[in-house]
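Engineer: Got a structure for you, my_file_7.cif, holding mmCIF, C-alpha atoms.
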```cif
data_coords
loop_
_atom_site.group_PDB
_atom_site.id
_atom_site.type_symbol
_atom_site.label_atom_id
_atom_site.label_comp_id
_atom_site.auth_asym_id
_atom_site.auth_seq_id
_atom_site.Cartn_x
_atom_site.Cartn_y
_atom_site.Cartn_z
ATOM 1 C CA LEU U 847 14.921 2.138 -0.089
ATOM 2 C CA PHE U 848 12.337 4.395 1.543
ATOM 3 C CA SER U 849 9.326 5.323 -0.537
ATOM 4 C CA ASP U 850 6.176 6.688 1.052
ATOM 5 C CA ILE U 851 3.363 4.188 1.449
ATOM 6 C CA LEU U 852 0.910 6.274 -0.587
ATOM 7 C CA VAL U 853 2.765 6.685 -3.879
ATOM 8 C CA ILE U 854 0.363 4.146 -5.411
ATOM 9 C CA ALA U 855 -2.654 6.158 -4.288
ATOM 10 C CA GLU U 856 -1.120 9.265 -5.827
ATOM 11 C CA ALA U 857 -0.523 7.367 -9.063
ATOM 12 C CA LEU U 858 -4.292 6.680 -9.120
ATOM 13 C CA ASN U 859 -5.161 10.398 -9.133
ATOM 14 C CA VAL U 860 -5.747 10.566 -5.376
ATOM 15 C CA GLU U 861 -3.927 13.645 -4.063
ATOM 16 C CA VAL U 862 -1.571 13.076 -1.129
ATOM 17 C CA ILE U 863 -0.120 15.878 1.016
ATOM 18 C CA MET U 864 2.347 15.966 3.903
ATOM 19 C CA PRO U 865 1.826 19.271 5.720
ATOM 20 C CA GLY U 866 4.147 18.302 8.572
ATOM 21 C CA GLY U 867 3.357 17.397 12.156
ATOM 22 C CA VAL U 868 -0.038 15.874 11.377
ATOM 23 C CA GLY U 869 0.846 12.803 9.356
ATOM 24 C CA ILE U 870 0.004 11.930 5.779
ATOM 25 C CA GLN U 871 -3.265 13.382 4.516
ATOM 26 C CA ILE U 872 -5.523 12.862 1.525
ATOM 27 C CA PRO U 873 -7.541 16.091 1.353
ATOM 28 C CA ASN U 874 -10.168 14.721 -1.029
ATOM 29 C CA PRO U 875 -10.740 11.026 -0.272
ATOM 30 C CA LEU U 876 -12.998 8.834 -2.383
ATOM 31 C CA GLN U 877 -16.582 9.534 -1.348
ATOM 32 C CA ASN U 878 -18.462 6.604 -2.863
ATOM 33 C CA PRO U 879 -18.229 4.083 -5.723
ATOM 34 C CA ASP U 880 -19.350 6.624 -8.326
ATOM 35 C CA ASP U 881 -16.590 8.984 -7.216
ATOM 36 C CA ALA U 882 -14.071 6.127 -7.347
ATOM 37 C CA ASN U 883 -15.151 5.109 -10.837
ATOM 38 C CA ALA U 884 -14.862 8.697 -12.026
ATOM 39 C CA ARG U 885 -11.415 9.339 -10.554
ATOM 40 C CA ILE U 886 -9.472 6.077 -10.694
ATOM 41 C CA PRO U 887 -8.107 5.634 -14.218
ATOM 42 C CA ALA U 888 -8.605 2.542 -16.334
ATOM 43 C CA ILE U 889 -5.349 0.629 -16.705
ATOM 44 C CA SER U 890 -4.833 -1.355 -19.891
ATOM 45 C CA ASP U 891 -1.235 -2.393 -19.263
ATOM 46 C CA MET U 892 -0.033 -2.694 -15.665
ATOM 47 C CA ASN U 893 3.694 -2.635 -16.448
ATOM 48 C CA THR U 894 3.353 0.524 -18.522
ATOM 49 C CA PHE U 895 1.256 2.170 -15.809
ATOM 50 C CA VAL U 896 3.782 1.396 -13.068
ATOM 51 C CA ASN U 897 6.766 2.560 -15.071
ATOM 52 C CA GLU U 898 5.043 5.766 -16.150
ATOM 53 C CA LYS U 899 3.472 6.714 -12.818
ATOM 54 C CA LEU U 900 6.057 5.245 -10.443
ATOM 55 C CA GLY U 901 9.152 5.418 -12.604
ATOM 56 C CA HIS U 902 10.815 7.798 -10.141
ATOM 57 C CA VAL U 903 10.957 4.941 -7.621
ATOM 58 C CA MET U 904 12.581 2.658 -10.189
ATOM 59 C CA GLU U 905 15.089 5.372 -11.020
ATOM 60 C CA SER U 906 15.877 5.683 -7.313
ATOM 61 C CA VAL U 907 16.507 1.937 -7.079
ATOM 62 C CA ARG U 908 18.916 2.089 -10.016
ATOM 63 C CA LEU U 909 20.717 5.144 -8.625
ATOM 64 C CA ILE U 910 21.100 3.540 -5.203
ATOM 65 C CA ARG U 911 22.484 0.341 -6.701
ATOM 66 C CA THR U 912 24.924 2.349 -8.813
ATOM 67 C CA LYS U 913 26.082 4.305 -5.781
ATOM 68 C CA MET U 914 26.422 1.121 -3.732
ATOM 69 C CA SER U 915 28.609 -0.380 -6.439
ATOM 70 C CA GLU U 916 30.772 2.733 -6.685
ATOM 71 C CA GLU U 917 31.300 2.820 -2.921
ATOM 72 C CA GLY U 918 31.773 -0.932 -2.502
ATOM 73 C CA ILE U 919 28.717 -1.267 -0.245
ATOM 74 C CA SER U 920 27.465 -4.831 0.074
ATOM 75 C CA VAL U 921 24.145 -4.764 1.924
ATOM 76 C CA PRO U 922 20.638 -5.746 0.797
ATOM 77 C CA LEU U 923 18.552 -3.052 -0.856
ATOM 78 C CA ILE U 924 14.985 -3.557 0.347
ATOM 79 C CA GLY U 925 12.119 -2.733 -1.987
ATOM 80 C CA PHE U 926 8.896 -1.660 -0.357
ATOM 81 C CA SER U 927 5.157 -1.215 -0.802
ATOM 82 C CA ALA U 928 2.060 -0.626 1.238
ATOM 83 C CA ALA U 929 -0.484 -3.440 1.084
ATOM 84 C CA PRO U 930 -3.939 -3.035 -0.500
ATOM 85 C CA TRP U 931 -6.010 -2.623 2.686
ATOM 86 C CA THR U 932 -3.697 0.112 3.928
ATOM 87 C CA LEU U 933 -3.968 1.915 0.588
ATOM 88 C CA LEU U 934 -7.764 1.647 0.567
ATOM 89 C CA PHE U 935 -7.934 2.844 4.171
ATOM 90 C CA TYR U 936 -6.208 6.111 3.273
ATOM 91 C CA MET U 937 -7.899 6.541 -0.106
ATOM 92 C CA VAL U 938 -11.396 6.515 1.420
ATOM 93 C CA GLY U 939 -10.642 7.929 4.876
ATOM 94 C CA GLY U 940 -8.004 10.534 4.144
ATOM 95 C CA SER U 941 -5.942 10.207 7.321
ATOM 96 C CA SER U 942 -4.827 7.896 10.102
ATOM 97 C CA LYS U 943 -5.716 10.607 12.644
ATOM 98 C CA ARG U 944 -9.392 11.070 11.785
ATOM 99 C CA ASN U 945 -12.191 9.238 9.945
ATOM 100 C CA LYS U 946 -10.727 6.020 11.311
ATOM 101 C CA GLU U 947 -13.922 4.079 10.670
ATOM 102 C CA ALA U 948 -14.209 5.131 7.029
ATOM 103 C CA GLY U 949 -12.273 2.152 5.703
ATOM 104 C CA VAL U 950 -14.347 -0.517 7.415
ATOM 105 C CA THR U 951 -17.509 1.464 6.633
ATOM 106 C CA TRP U 952 -16.619 1.234 2.946
ATOM 107 C CA LEU U 953 -16.146 -2.531 3.240
ATOM 108 C CA LYS U 954 -19.590 -2.875 4.825
ATOM 109 C CA GLU U 955 -21.502 -0.423 2.633
ATOM 110 C CA TYR U 956 -19.754 -1.118 -0.671
ATOM 111 C CA PRO U 957 -18.345 -4.657 -0.433
ATOM 112 C CA GLU U 958 -18.214 -5.340 -4.176
ATOM 113 C CA GLU U 959 -16.689 -1.986 -5.036
ATOM 114 C CA SER U 960 -14.205 -2.436 -2.177
ATOM 115 C CA ARG U 961 -13.159 -5.786 -3.625
ATOM 116 C CA LYS U 962 -12.846 -4.250 -7.077
ATOM 117 C CA ILE U 963 -10.551 -1.475 -5.815
ATOM 118 C CA MET U 964 -8.513 -3.866 -3.659
ATOM 119 C CA ASP U 965 -8.122 -6.253 -6.587
ATOM 120 C CA LEU U 966 -6.792 -3.363 -8.661
ATOM 121 C CA LEU U 967 -4.472 -2.303 -5.850
ATOM 122 C CA THR U 968 -3.241 -5.888 -5.518
ATOM 123 C CA ASP U 969 -2.310 -6.047 -9.182
ATOM 124 C CA ILE U 970 -0.536 -2.690 -8.948
ATOM 125 C CA VAL U 971 1.392 -3.734 -5.827
ATOM 126 C CA ILE U 972 2.529 -6.925 -7.556
ATOM 127 C CA GLU U 973 3.796 -5.069 -10.603
ATOM 128 C CA TYR U 974 5.278 -2.244 -8.526
ATOM 129 C CA MET U 975 7.279 -4.605 -6.308
ATOM 130 C CA SER U 976 8.276 -6.793 -9.240
ATOM 131 C CA CYS U 977 9.613 -3.749 -11.096
ATOM 132 C CA GLN U 978 11.670 -2.822 -8.034
ATOM 133 C CA VAL U 979 13.341 -6.235 -8.211
ATOM 134 C CA GLU U 980 13.914 -5.878 -11.939
ATOM 135 C CA ASN U 981 15.633 -2.554 -11.285
ATOM 136 C CA GLY U 982 17.901 -3.858 -8.528
ATOM 137 C CA ALA U 983 16.089 -4.457 -5.215
ATOM 138 C CA HIS U 984 17.411 -7.537 -3.400
ATOM 139 C CA VAL U 985 14.577 -8.070 -0.893
ATOM 140 C CA LEU U 986 10.910 -7.019 -0.721
ATOM 141 C CA GLN U 987 8.870 -5.791 2.253
ATOM 142 C CA LEU U 988 5.065 -5.583 2.119
ATOM 143 C CA PHE U 989 3.678 -3.260 4.764
ATOM 144 C CA GLU U 990 0.078 -3.593 5.981
ATOM 145 C CA ALA U 991 0.496 -0.467 8.061
ATOM 146 C CA MET U 992 -3.162 -0.055 9.028
ATOM 147 C CA GLY U 993 -3.880 -3.573 10.226
ATOM 148 C CA MET U 994 -5.123 -2.126 13.498
ATOM 149 C CA MET U 995 -7.863 -0.261 11.618
ATOM 150 C CA ILE U 996 -9.740 -3.373 10.470
ATOM 151 C CA ASP U 997 -11.472 -6.034 12.532
ATOM 152 C CA GLU U 998 -10.338 -9.636 12.307
ATOM 153 C CA ASP U 999 -13.306 -10.930 10.298
ATOM 154 C CA ASN U 1000 -12.950 -8.236 7.667
ATOM 155 C CA PHE U 1001 -9.191 -8.700 7.610
ATOM 156 C CA TYR U 1002 -9.560 -12.332 6.633
ATOM 157 C CA GLU U 1003 -12.349 -11.594 4.152
ATOM 158 C CA PHE U 1004 -10.831 -8.590 2.380
ATOM 159 C CA ALA U 1005 -7.144 -8.131 3.217
ATOM 160 C CA MET U 1006 -5.837 -11.694 3.427
ATOM 161 C CA PRO U 1007 -6.788 -12.739 -0.137
ATOM 162 C CA CYS U 1008 -4.775 -9.773 -1.419
ATOM 163 C CA LEU U 1009 -1.757 -10.681 0.705
ATOM 164 C CA LYS U 1010 -1.992 -14.261 -0.529
ATOM 165 C CA LYS U 1011 -2.146 -13.284 -4.199
ATOM 166 C CA ILE U 1012 0.788 -10.877 -3.816
ATOM 167 C CA ALA U 1013 2.977 -13.545 -2.204
ATOM 168 C CA THR U 1014 2.042 -16.203 -4.760
ATOM 169 C CA GLU U 1015 2.616 -14.001 -7.787
ATOM 170 C CA LEU U 1016 5.851 -12.410 -6.593
ATOM 171 C CA LYS U 1017 7.328 -15.792 -5.685
ATOM 172 C CA SER U 1018 6.303 -17.087 -9.093
ATOM 173 C CA ARG U 1019 8.145 -14.231 -10.774
ATOM 174 C CA HIS U 1020 11.096 -13.958 -8.382
ATOM 175 C CA PRO U 1021 11.466 -17.236 -6.459
ATOM 176 C CA ASP U 1022 14.905 -16.369 -5.077
ATOM 177 C CA VAL U 1023 14.002 -12.897 -3.761
ATOM 178 C CA PRO U 1024 13.211 -12.923 -0.022
ATOM 179 C CA LEU U 1025 9.715 -11.626 0.706
ATOM 180 C CA MET U 1026 8.781 -10.043 4.035
ATOM 181 C CA VAL U 1027 5.357 -9.022 5.323
ATOM 182 C CA PHE U 1028 4.355 -6.832 8.258
ATOM 183 C CA SER U 1029 0.715 -6.825 9.307
ATOM 184 C CA ARG U 1030 0.974 -4.119 11.928
ATOM 185 C CA GLY U 1031 -1.767 -4.260 14.523
ATOM 186 C CA ALA U 1032 -3.106 -7.468 13.011
ATOM 187 C CA CYS U 1033 -0.427 -9.933 14.034
ATOM 188 C CA TYR U 1034 -3.157 -12.417 14.950
ATOM 189 C CA ALA U 1035 -2.769 -13.233 11.236
ATOM 190 C CA ASN U 1036 0.916 -14.148 11.503
ATOM 191 C CA GLU U 1037 0.273 -17.879 11.642
ATOM 192 C CA GLU U 1038 -1.820 -17.800 8.470
ATOM 193 C CA LEU U 1039 0.647 -15.489 6.749
ATOM 194 C CA SER U 1040 3.441 -17.923 7.542
ATOM 195 C CA LYS U 1041 1.532 -20.582 5.596
ATOM 196 C CA LEU U 1042 1.751 -18.463 2.454
ATOM 197 C CA GLU U 1043 4.966 -17.830 0.521
ATOM 198 C CA TYR U 1044 6.420 -15.125 2.743
ATOM 199 C CA ASP U 1045 9.949 -15.835 3.935
ATOM 200 C CA ILE U 1046 9.842 -13.448 6.888
ATOM 201 C CA ILE U 1047 6.947 -12.533 9.191
ATOM 202 C CA THR U 1048 7.436 -9.190 10.914
ATOM 203 C CA MET U 1049 6.148 -8.813 14.473
ATOM 204 C CA ASP U 1050 4.814 -5.697 16.101
ATOM 205 C CA GLY U 1051 5.350 -4.965 19.764
ATOM 206 C CA GLU U 1052 2.202 -6.817 20.818
ATOM 207 C CA VAL U 1053 3.467 -10.227 19.720
ATOM 208 C CA PRO U 1054 4.487 -12.384 22.713
ATOM 209 C CA ARG U 1055 8.053 -13.491 22.156
ATOM 210 C CA ASP U 1056 7.627 -16.739 24.027
ATOM 211 C CA THR U 1057 5.147 -18.029 21.415
ATOM 212 C CA ALA U 1058 6.357 -16.207 18.290
ATOM 213 C CA ARG U 1059 8.470 -19.100 17.009
ATOM 214 C CA GLU U 1060 5.739 -21.624 17.653
ATOM 215 C CA THR U 1061 3.283 -19.459 15.729
ATOM 216 C CA VAL U 1062 5.259 -19.506 12.482
ATOM 217 C CA SER U 1063 6.962 -22.872 13.127
ATOM 218 C CA ASP U 1064 9.708 -23.550 10.597
ATOM 219 C CA ARG U 1065 7.673 -22.067 7.755
ATOM 220 C CA ALA U 1066 9.200 -18.587 8.021
ATOM 221 C CA GLY U 1067 11.762 -16.494 9.817
ATOM 222 C CA LEU U 1068 10.904 -13.596 12.109
ATOM 223 C CA GLN U 1069 11.572 -9.860 12.133
ATOM 224 C CA GLY U 1070 11.110 -7.521 15.075
ATOM 225 C CA ASN U 1071 10.124 -6.611 17.734
ATOM 226 C CA TYR U 1072 12.243 -4.309 19.903
ATOM 227 C CA ASP U 1073 10.384 -1.492 21.642
ATOM 228 C CA PRO U 1074 11.554 1.869 20.216
ATOM 229 C CA ARG U 1075 10.641 3.563 23.490
ATOM 230 C CA PHE U 1076 13.830 2.049 24.901
ATOM 231 C CA LEU U 1077 15.750 4.246 22.435
ATOM 232 C CA ILE U 1078 14.433 7.566 23.774
ATOM 233 C CA ALA U 1079 16.951 9.329 26.010
ATOM 234 C CA ASP U 1080 15.231 12.562 27.034
ATOM 235 C CA GLY U 1081 13.186 12.204 30.213
ATOM 236 C CA THR U 1082 14.003 8.515 30.619
ATOM 237 C CA ASP U 1083 16.512 6.288 32.352
ATOM 238 C CA ASN U 1084 17.548 4.668 29.078
ATOM 239 C CA THR U 1085 21.299 4.290 28.572
ATOM 240 C CA PRO U 1086 23.539 2.271 26.240
ATOM 241 C CA GLU U 1087 23.709 -0.327 29.005
ATOM 242 C CA THR U 1088 19.934 -0.666 29.359
ATOM 243 C CA VAL U 1089 19.602 -0.867 25.580
ATOM 244 C CA ARG U 1090 22.143 -3.684 25.469
ATOM 245 C CA THR U 1091 20.343 -5.546 28.247
ATOM 246 C CA SER U 1092 16.942 -5.304 26.581
ATOM 247 C CA ALA U 1093 18.369 -6.175 23.150
ATOM 248 C CA LYS U 1094 20.028 -9.239 24.635
ATOM 249 C CA GLU U 1095 16.733 -10.256 26.268
ATOM 250 C CA MET U 1096 15.022 -10.057 22.881
ATOM 251 C CA LEU U 1097 17.674 -12.220 21.237
ATOM 252 C CA GLU U 1098 17.508 -14.774 24.041
ATOM 253 C CA SER U 1099 13.713 -14.945 23.739
ATOM 254 C CA LEU U 1100 13.528 -15.219 19.964
ATOM 255 C CA GLY U 1101 16.863 -16.867 19.233
ATOM 256 C CA PRO U 1102 19.562 -15.255 17.090
ATOM 257 C CA GLN U 1103 18.984 -17.442 14.015
ATOM 258 C CA ARG U 1104 16.326 -16.875 11.356
ATOM 259 C CA LEU U 1105 15.725 -13.514 12.973
ATOM 260 C CA ILE U 1106 16.050 -10.016 11.559
ATOM 261 C CA ALA U 1107 16.459 -7.976 14.711
ATOM 262 C CA ASN U 1108 14.372 -4.879 14.187
ATOM 263 C CA LEU U 1109 11.869 -2.650 15.902
ATOM 264 C CA GLY U 1110 8.253 -3.546 16.548
ATOM 265 C CA GLU U 1111 7.228 -0.042 15.490
ATOM 266 C CA GLY U 1112 8.815 2.673 13.390
ATOM 267 C CA LEU U 1113 11.053 5.351 14.832
ATOM 268 C CA GLY U 1114 8.948 8.289 15.962
ATOM 269 C CA GLY U 1115 11.598 11.015 15.833
ATOM 270 C CA LYS U 1116 12.307 11.327 19.541
ATOM 271 C CA GLU U 1117 14.841 8.505 19.650
ATOM 272 C CA SER U 1118 18.472 9.199 20.476
ATOM 273 C CA PRO U 1119 20.873 8.482 17.582
ATOM 274 C CA ASP U 1120 23.407 7.318 20.138
ATOM 275 C CA LEU U 1121 20.978 4.809 21.631
ATOM 276 C CA VAL U 1122 19.984 3.615 18.155
ATOM 277 C CA ALA U 1123 23.675 3.010 17.463
ATOM 278 C CA SER U 1124 23.967 1.197 20.785
ATOM 279 C CA PHE U 1125 21.072 -1.054 19.761
ATOM 280 C CA VAL U 1126 22.718 -1.946 16.446
ATOM 281 C CA ASP U 1127 26.051 -2.657 18.127
ATOM 282 C CA ALA U 1128 24.402 -4.735 20.838
ATOM 283 C CA ILE U 1129 22.516 -6.849 18.308
ATOM 284 C CA HIS U 1130 25.687 -7.623 16.346
ATOM 285 C CA GLU U 1131 27.800 -8.398 19.385
ATOM 286 C CA GLU U 1132 25.266 -10.281 21.498
ATOM 287 C CA SER U 1133 23.981 -12.373 18.606
ATOM 288 C CA GLU U 1134 27.549 -13.436 17.767
ATOM 289 C CA LYS U 1135 27.992 -14.577 21.367
ATOM 290 C CA LEU U 1136 24.740 -16.549 21.371
ATOM 291 C CA ILE U 1137 25.519 -18.213 18.040
ATOM 292 C CA ALA U 1138 29.041 -19.118 19.176
ATOM 293 C CA ALA U 1139 27.751 -20.542 22.450
ATOM 294 C CA ALA U 1140 25.285 -22.776 20.598
ATOM 295 C CA LYS U 1141 27.989 -24.451 18.490
#
```
Go through the file and emit its structure as C-alpha cells.
Structural biologist:
Amino acid sequence: LFSDILVIAEALNVEVIMPGGVGIQIPNPLQNPDDANARIPAISDMNTFVNEKLGHVMESVRLIRTKMSEEGISVPLIGFSAAPWTLLFYMVGGSSKRNKEAGVTWLKEYPEESRKIMDLLTDIVIEYMSCQVENGAHVLQLFEAMGMMIDEDNFYEFAMPCLKKIATELKSRHPDVPLMVFSRGACYANEELSKLEYDIITMDGEVPRDTARETVSDRAGLQGNYDPRFLIADGTDNTPETVRTSAKEMLESLGPQRLIANLGEGLGGKESPDLVASFVDAIHEESEKLIAAAK
C-alpha cells in the first residue's frame, strides 16, 4: 500500500501540495507555538479522528485486500506511516528542499511545544497504523524519512522516544503483525532500534554490510540496502549481468536468511524497469542457491 507520508499532516489542517518536479511542499508551515495551537485541532477520540480524516486510506486497504482475494494474490500487504520527527520536520519547515534547519530550530527554540506536537503525532501514528491492520494490512512499515535532517543528540532526545512508544503500543495491540522501521539517514540508531519491538530494521545505503548483522544481533531481521543507482541504464554501464553480480554480492554479505532484499533508497524515476526486473529475478534465484548450499 502506498500512501503519501504527509497524509497525517494534512489531517491536522496543514495544507500539503505536490506541484510536480519539486517534491512535497507545505506552503504555509507552522510558524510558532501560537500558530500551532491555533491550527492543530483538539482530538477527543483518536480512533474517530483517524477514521474520519484518514478513512480513505482504510478504504484503500479494504479494496486492495478484496481485489487480492478475487485475483488469488497471496502476498503481504504492507501498511505504512511516516514517523513523528519526519512529520514535524515538514509541518514546520515546509519542504525537504529548503528551510532544512527549521525542524531542529523548532526543537531548540520550542522544546516543550515540539514534544507536545510529537506526542500528538505519535498517538496518531499508532492509531493510524493500528487501523490499517484492522482493515487488512499484514505488515507495518514506519518510515523516519528525514533522519538525516536531525543531529544524533536531538534524535535520541526527541525522535527515539516516539519510535519506542509506537513499537511498544503496536506490538501490544497486534503482537503477530511484523513491524518494520526505517530511520533513513540516521542508521546510527539501528542498534538501539533493534532493542525495541521492531521485527525488521531497514538499512540505508550508508550502512556497512560487514557489520550490519552484528549491529542488530539476533534481535531483528534486516531490510535493504541495494544501491538504486545500479538500476539506471541510461548513461551507465549497468546491465542485467552487472545487476545480478551486485545483487549476489549483497546477499553474500548480508546472508539470504532473515533478510528482506530491498533498496537502500527509494526509486528516483530514472531506473530502468528491465533492470528492476533483473534485480528481482536475481534476488529470488541467487538467494535460493545460497540457501540450498547452506543445507
Engineer: With a cut-off of 7 Å, could you pull out the residues of segment 981-1073 of chain U touching segment 915-936 of chain U and give me the nearest pair of atoms for each, distance in Å to one decimal, using only C-alpha atoms, ordered by chain and ascending number, as a Markdown table?
Structural biologist:
```
| residue | atom | partner | partner_atom | distance |
| --- | --- | --- | --- | --- |
| U:Ala983 | CA | U:Leu923 | CA | 5.2 |
| U:His984 | CA | U:Leu923 | CA | 5.3 |
| U:Val985 | CA | U:Ile924 | CA | 4.7 |
| U:Leu986 | CA | U:Gly925 | CA | 4.6 |
| U:Gln987 | CA | U:Phe926 | CA | 4.9 |
| U:Leu988 | CA | U:Ser927 | CA | 5.3 |
| U:Phe989 | CA | U:Ala928 | CA | 4.7 |
| U:Glu990 | CA | U:Ala929 | CA | 4.9 |
| U:Ala991 | CA | U:Thr932 | CA | 5.9 |
| U:Met992 | CA | U:Thr932 | CA | 5.1 |
| U:Ala1005 | CA | U:Trp931 | CA | 5.6 |
| U:Cys1008 | CA | U:Pro930 | CA | 6.9 |
```
Engineer: Report as a PDB file with C-alpha atoms, keeping the file's coordinate frame all protein, DNA and RNA residues lying within 12 Å of Asp999 of chain U, evaluated on all atoms listed in the file, omitting residues in the same chain fewer than 2 positions from it.
Structural biologist:
```
ATOM      1  CA  VAL U 950     -14.347  -0.517   7.415  1.00  0.00           C
ATOM      2  CA  LEU U 953     -16.146  -2.531   3.240  1.00  0.00           C
ATOM      3  CA  LYS U 954     -19.590  -2.875   4.825  1.00  0.00           C
ATOM      4  CA  GLY U 993      -3.880  -3.573  10.226  1.00  0.00           C
ATOM      5  CA  ILE U 996      -9.740  -3.373  10.470  1.00  0.00           C
ATOM      6  CA  ASP U 997     -11.472  -6.034  12.532  1.00  0.00           C
ATOM      7  CA  PHE U1001      -9.191  -8.700   7.610  1.00  0.00           C
ATOM      8  CA  TYR U1002      -9.560 -12.332   6.633  1.00  0.00           C
ATOM      9  CA  GLU U1003     -12.349 -11.594   4.152  1.00  0.00           C
ATOM     10  CA  PHE U1004     -10.831  -8.590   2.380  1.00  0.00           C
ATOM     11  CA  ALA U1005      -7.144  -8.131   3.217  1.00  0.00           C
ATOM     12  CA  MET U1006      -5.837 -11.694   3.427  1.00  0.00           C
ATOM     13  CA  ALA U1032      -3.106  -7.468  13.011  1.00  0.00           C
ATOM     14  CA  TYR U1034      -3.157 -12.417  14.950  1.00  0.00           C
ATOM     15  CA  ALA U1035      -2.769 -13.233  11.236  1.00  0.00           C
TER      16      ALA U1035
END
```
Engineer: Could you tell me which residues the PyMOL selection byres ((chain U and resi 896) around 12) returns for this structure, as an NGL selection string?
Structural biologist: :U and (853-858 or 889-895 or 897-904 or 967 or 969-978)
Engineer: Under the rule that all atoms listed in the file are counted, which of U:Leu1077, U:Ile1012, U:Met995, U:Asp1120 is the nearest residue to Glu947 of chain U?
Structural biologist: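 Checking each of U:Leu1077, U:Ile1012, U:Met995, U:Asp1120 against Glu947 of chain U, counting all atoms listed in the file, the winner is U:Met995.
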Engineer: Do you have the atom CA of Pro875 of chain U-atom CA of Met994 of chain U distance handy?
Structural biologist: 19.9 Å
Engineer: Quick one: of U:Ala1093, U:Leu1136, U:Val860, U:Leu1121, who's nearest to Ile886 of chain U, counting all atoms listed in the file?
Structural biologist: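 The answer is U:Val860, which sits nearest to Ile886 of chain U.
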